[in-house]
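Notes follow once the structure below has been shown.
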2 protein chains.
Amino acid sequence: MEIEVFRLGHRLPRDERISTHVALVARAFGASHISYSGQHDSGLEDSVKRICASWGSNTPAGDSFSIKYEKNYLRYLKMQKDAGFVIVHLTMYGVPLQDALEKINKSSKILLVVGSEQVPREIYELADFNLSVTSQPHSEVAALAITLDRLMEGKELKTFDFKGRLRIAPSEKGKLVIENG
Amino acid sequence: MEIEVFRLGHRLPRDERISTHVALVARAFGASHISYSGQHDSGLEDSVKRICASWGSNTPAGDSFSIKYEKNYLRYLKMQKDAGFVIVHLTMYGVPLQDALEKINKSSKILLVVGSEQVPREIYELADFNLSVTSQPHSEVAALAITLDRLMEGKELKTFDFKGRLRIAPSEKGKLVIENG
């Protein structure tokens with residue numbers, strides 16, 4: 001299964017940290033790539049690249065985690081749809097995740113779209129699925145994490161091998177980071 | 001099961017949105033209360049109260065979702081520990097969530113602590129469990145959502161009844177909000 005994430009309408013400085021969290025969740029929970037539209041942000045890209053350099057970029061699909069700015073989100077999403085990706089837009093207004101999961105799981109290529117403040121109408125139309133996690137207002141970071149968790153069937157918790165220079169040795173009270181020779 | 005969340009070391013303006021996401025995830029995923037330390041932030045409290053006023057504050061434990069500033073986090077956490085709460089600190093360095101879940105589930109009162117940049121050593125010591133979601137760097141918002149999801153056994157996805165003035169009628173393409181008489 002190949003999973004991409006698209007972050008719509010990134011705004012500086014407002015979305016700086018939320019978009020970083022979205023990107024890091026994408027990586028840690030098994031996606032292969034994140035694209036974003038809105039304002040170009042080399043700080044965001046550098047943060048993601050720094051994490052990949054230290055903690056690894058190998059993805060469960062076997063490629064290397066990447067981040068890329070896409071000025072024209074609509075063109076990109078249409079292109080990916082034509083390339084066989086099922087477009088899943090996460091919105092509190094959508095159908096419950098658990099009701100659509102079986103259908104989505106039939107696809108081997110999934111593009112998860114997370115919005116910022118106001119998502120253009122055309123995204124709702126373009127999406128194959130508009131999907132909600134709880135039907136309550138909360139966080140696109142949480143919605144993405146839960147959706148990826150369900151798509152990965154919880155396997156992300158058992159730690160994918162990111163082939164990073166650093167990895168954590170789980171510890172009851174301390175901080176134990178192992179550096180590869 | 002009674003669940004509280006504690007957000008450590010809130011900083012303005014840096015944590016404004018992340019802490020709001022933490023608080024809204026706490027509410028949407030079944031916690032009853034959130035406390036926070038660091039800088040007092042009436043904007044954060046107002047955001048949470050506004051969401052509760054519109055979308056409801058009824059929690060699965062049967063009380064009303066609330067937010068409160070606690071200047072002295074250590075005193076508060078010790079007090080709650082004495083009151084029977086098991087203290088669960090979410091940190092990338094901790095033991096895997098899935099390995100400790102069974103033990104944590106034996107408690108009827110759980111306090112989930114989420115940190116900001118640098119968490120004081122004493123929190124690691126005070127915690128009954130230092131818990132990690134994936135052992136990779138990502139987001140306290142995602143870690144909280146996944147932990148609550150596991151504690152709630154996914155029931156939060158089927159929409160708790162928050163008894164709000166507004167609720168969403170899930171929709172395939174649009175936005176449908178129902179206002180109670």
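As shown in the structure tokens, the chain order sets the letters A, B, ...; within each chain, residues go from 1, and ligands are also counted from 1 in the order they appear.
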(message) With only C-alpha atoms considered, list every residue of chain B at most 6 Å from chain A, as a ChimeraX atom specification.
(response) /B:21,24-25,93-95,124,130,134,138-139,141-142,145,157,159,170-173,175
Take the residues from that selection and put them in a file with N, CA and C atoms, as a PDB file, in the first residue's frame.
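This is the output file selection_18.pdb:
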```pdb
ATOM      1  N   HIS B  21      -5.244  22.203  19.939  1.00  0.00           N
ATOM      2  CA  HIS B  21      -5.499  20.880  19.344  1.00  0.00           C
ATOM      3  C   HIS B  21      -5.477  19.790  20.415  1.00  0.00           C
ATOM      4  N   LEU B  24      -8.759  20.003  22.288  1.00  0.00           N
ATOM      5  CA  LEU B  24      -9.930  19.548  21.522  1.00  0.00           C
ATOM      6  C   LEU B  24      -9.906  18.044  21.286  1.00  0.00           C
ATOM      7  N   VAL B  25      -8.715  17.488  21.141  1.00  0.00           N
ATOM      8  CA  VAL B  25      -8.595  16.036  21.038  1.00  0.00           C
ATOM      9  C   VAL B  25      -9.011  15.396  22.369  1.00  0.00           C
ATOM     10  N   TYR B  93      10.313   8.519  24.325  1.00  0.00           N
ATOM     11  CA  TYR B  93      11.339   7.656  24.928  1.00  0.00           C
ATOM     12  C   TYR B  93      10.759   6.491  25.742  1.00  0.00           C
ATOM     13  N   GLY B  94       9.440   6.503  25.959  1.00  0.00           N
ATOM     14  CA  GLY B  94       8.832   5.543  26.869  1.00  0.00           C
ATOM     15  C   GLY B  94       8.641   4.152  26.292  1.00  0.00           C
ATOM     16  N   VAL B  95       7.975   3.315  27.076  1.00  0.00           N
ATOM     17  CA  VAL B  95       7.689   1.941  26.624  1.00  0.00           C
ATOM     18  C   VAL B  95       6.513   1.981  25.639  1.00  0.00           C
ATOM     19  N   TYR B 124       9.251  12.228  34.550  1.00  0.00           N
ATOM     20  CA  TYR B 124       9.579  10.831  34.236  1.00  0.00           C
ATOM     21  C   TYR B 124       9.553   9.970  35.496  1.00  0.00           C
ATOM     22  N   ASN B 130       5.755   5.815  31.573  1.00  0.00           N
ATOM     23  CA  ASN B 130       6.219   6.668  30.483  1.00  0.00           C
ATOM     24  C   ASN B 130       5.974   5.881  29.208  1.00  0.00           C
ATOM     25  N   THR B 134       4.783   4.788  18.915  1.00  0.00           N
ATOM     26  CA  THR B 134       5.677   4.508  17.760  1.00  0.00           C
ATOM     27  C   THR B 134       7.184   4.624  18.017  1.00  0.00           C
ATOM     28  N   HIS B 138       7.144  12.666  16.532  1.00  0.00           N
ATOM     29  CA  HIS B 138       6.047  13.203  15.701  1.00  0.00           C
ATOM     30  C   HIS B 138       5.290  14.304  16.420  1.00  0.00           C
ATOM     31  N   SER B 139       4.224  13.981  17.155  1.00  0.00           N
ATOM     32  CA  SER B 139       3.338  15.034  17.644  1.00  0.00           C
ATOM     33  C   SER B 139       2.638  14.586  18.907  1.00  0.00           C
ATOM     34  N   VAL B 141      -0.107  15.755  19.811  1.00  0.00           N
ATOM     35  CA  VAL B 141      -1.534  15.692  19.457  1.00  0.00           C
ATOM     36  C   VAL B 141      -1.875  14.278  18.974  1.00  0.00           C
ATOM     37  N   ALA B 142      -1.012  13.745  18.118  1.00  0.00           N
ATOM     38  CA  ALA B 142      -1.223  12.395  17.585  1.00  0.00           C
ATOM     39  C   ALA B 142      -1.060  11.340  18.680  1.00  0.00           C
ATOM     40  N   ALA B 145      -4.159  11.355  20.781  1.00  0.00           N
ATOM     41  CA  ALA B 145      -5.311  10.792  20.069  1.00  0.00           C
ATOM     42  C   ALA B 145      -5.245   9.262  20.032  1.00  0.00           C
ATOM     43  N   LEU B 157     -15.047   6.920  17.845  1.00  0.00           N
ATOM     44  CA  LEU B 157     -15.340   7.102  16.421  1.00  0.00           C
ATOM     45  C   LEU B 157     -16.834   7.023  16.135  1.00  0.00           C
ATOM     46  N   THR B 159     -19.012   8.416  17.705  1.00  0.00           N
ATOM     47  CA  THR B 159     -19.562   9.667  18.208  1.00  0.00           C
ATOM     48  C   THR B 159     -20.252   9.521  19.561  1.00  0.00           C
ATOM     49  N   PRO B 170     -23.222  13.312   9.072  1.00  0.00           N
ATOM     50  CA  PRO B 170     -22.176  12.926   8.128  1.00  0.00           C
ATOM     51  C   PRO B 170     -22.662  13.010   6.682  1.00  0.00           C
ATOM     52  N   SER B 171     -21.799  13.524   5.817  1.00  0.00           N
ATOM     53  CA  SER B 171     -22.214  13.807   4.459  1.00  0.00           C
ATOM     54  C   SER B 171     -21.125  13.391   3.469  1.00  0.00           C
ATOM     55  N   GLU B 172     -21.553  12.846   2.322  1.00  0.00           N
ATOM     56  CA  GLU B 172     -20.559  12.359   1.356  1.00  0.00           C
ATOM     57  C   GLU B 172     -19.816  13.475   0.636  1.00  0.00           C
ATOM     58  N   LYS B 173     -20.490  14.579   0.398  1.00  0.00           N
ATOM     59  CA  LYS B 173     -19.837  15.652  -0.362  1.00  0.00           C
ATOM     60  C   LYS B 173     -19.942  17.038   0.293  1.00  0.00           C
ATOM     61  N   LYS B 175     -21.443  19.840   3.719  1.00  0.00           N
ATOM     62  CA  LYS B 175     -21.331  20.166   5.135  1.00  0.00           C
ATOM     63  C   LYS B 175     -22.732  20.289   5.682  1.00  0.00           C
TER      64      LYS B 175
END
```
(message) When DSSP is applied to the backbone of this structure, which of chain B are assigned strand (DSSP E or B)? Write them out as a ChimeraX atom specification.
(response) /B:2-10,33-38,56,58,64,66-69,86-96,109-114,129-132,163,166-168,177-179
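Going from atom CA of A:Lys49 to atom CA of A:Phe65 covers 8.9 Å.
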(message) So that I can check the secondary structure, give me every residue of stretch 9-114 of chain B assigned helix (DSSP H, G or I) by backbone DSSP, as number ranges by chain.
(response) B: 16-28, 42-55, 73-82, 97-104
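Shell of A:Leu112 at 8 Å, with only C-alpha atoms counted and residues fewer than 3 places along the chain excluded, is Ile3, Glu4, Val5, Phe6, Ile87, Val88, His89, Leu90 and Leu144 of chain A.
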(request) Extract, using only C-alpha atoms, all DNA, RNA and protein residues at most 10 Å from B:Gln118, discarding same-chain residues fewer than 3 positions from it, and format them as a ChimeraX atom specification. (result) /B:8-9,115,121
(message) Report, in Å to a single decimal, how far apart atom CA of B:Tyr36 and atom CA of B:Val86 are.
(response) 17.5 Å
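Atom CA of B:Met152 sits 12.6 Å away from atom CA of B:Glu102.
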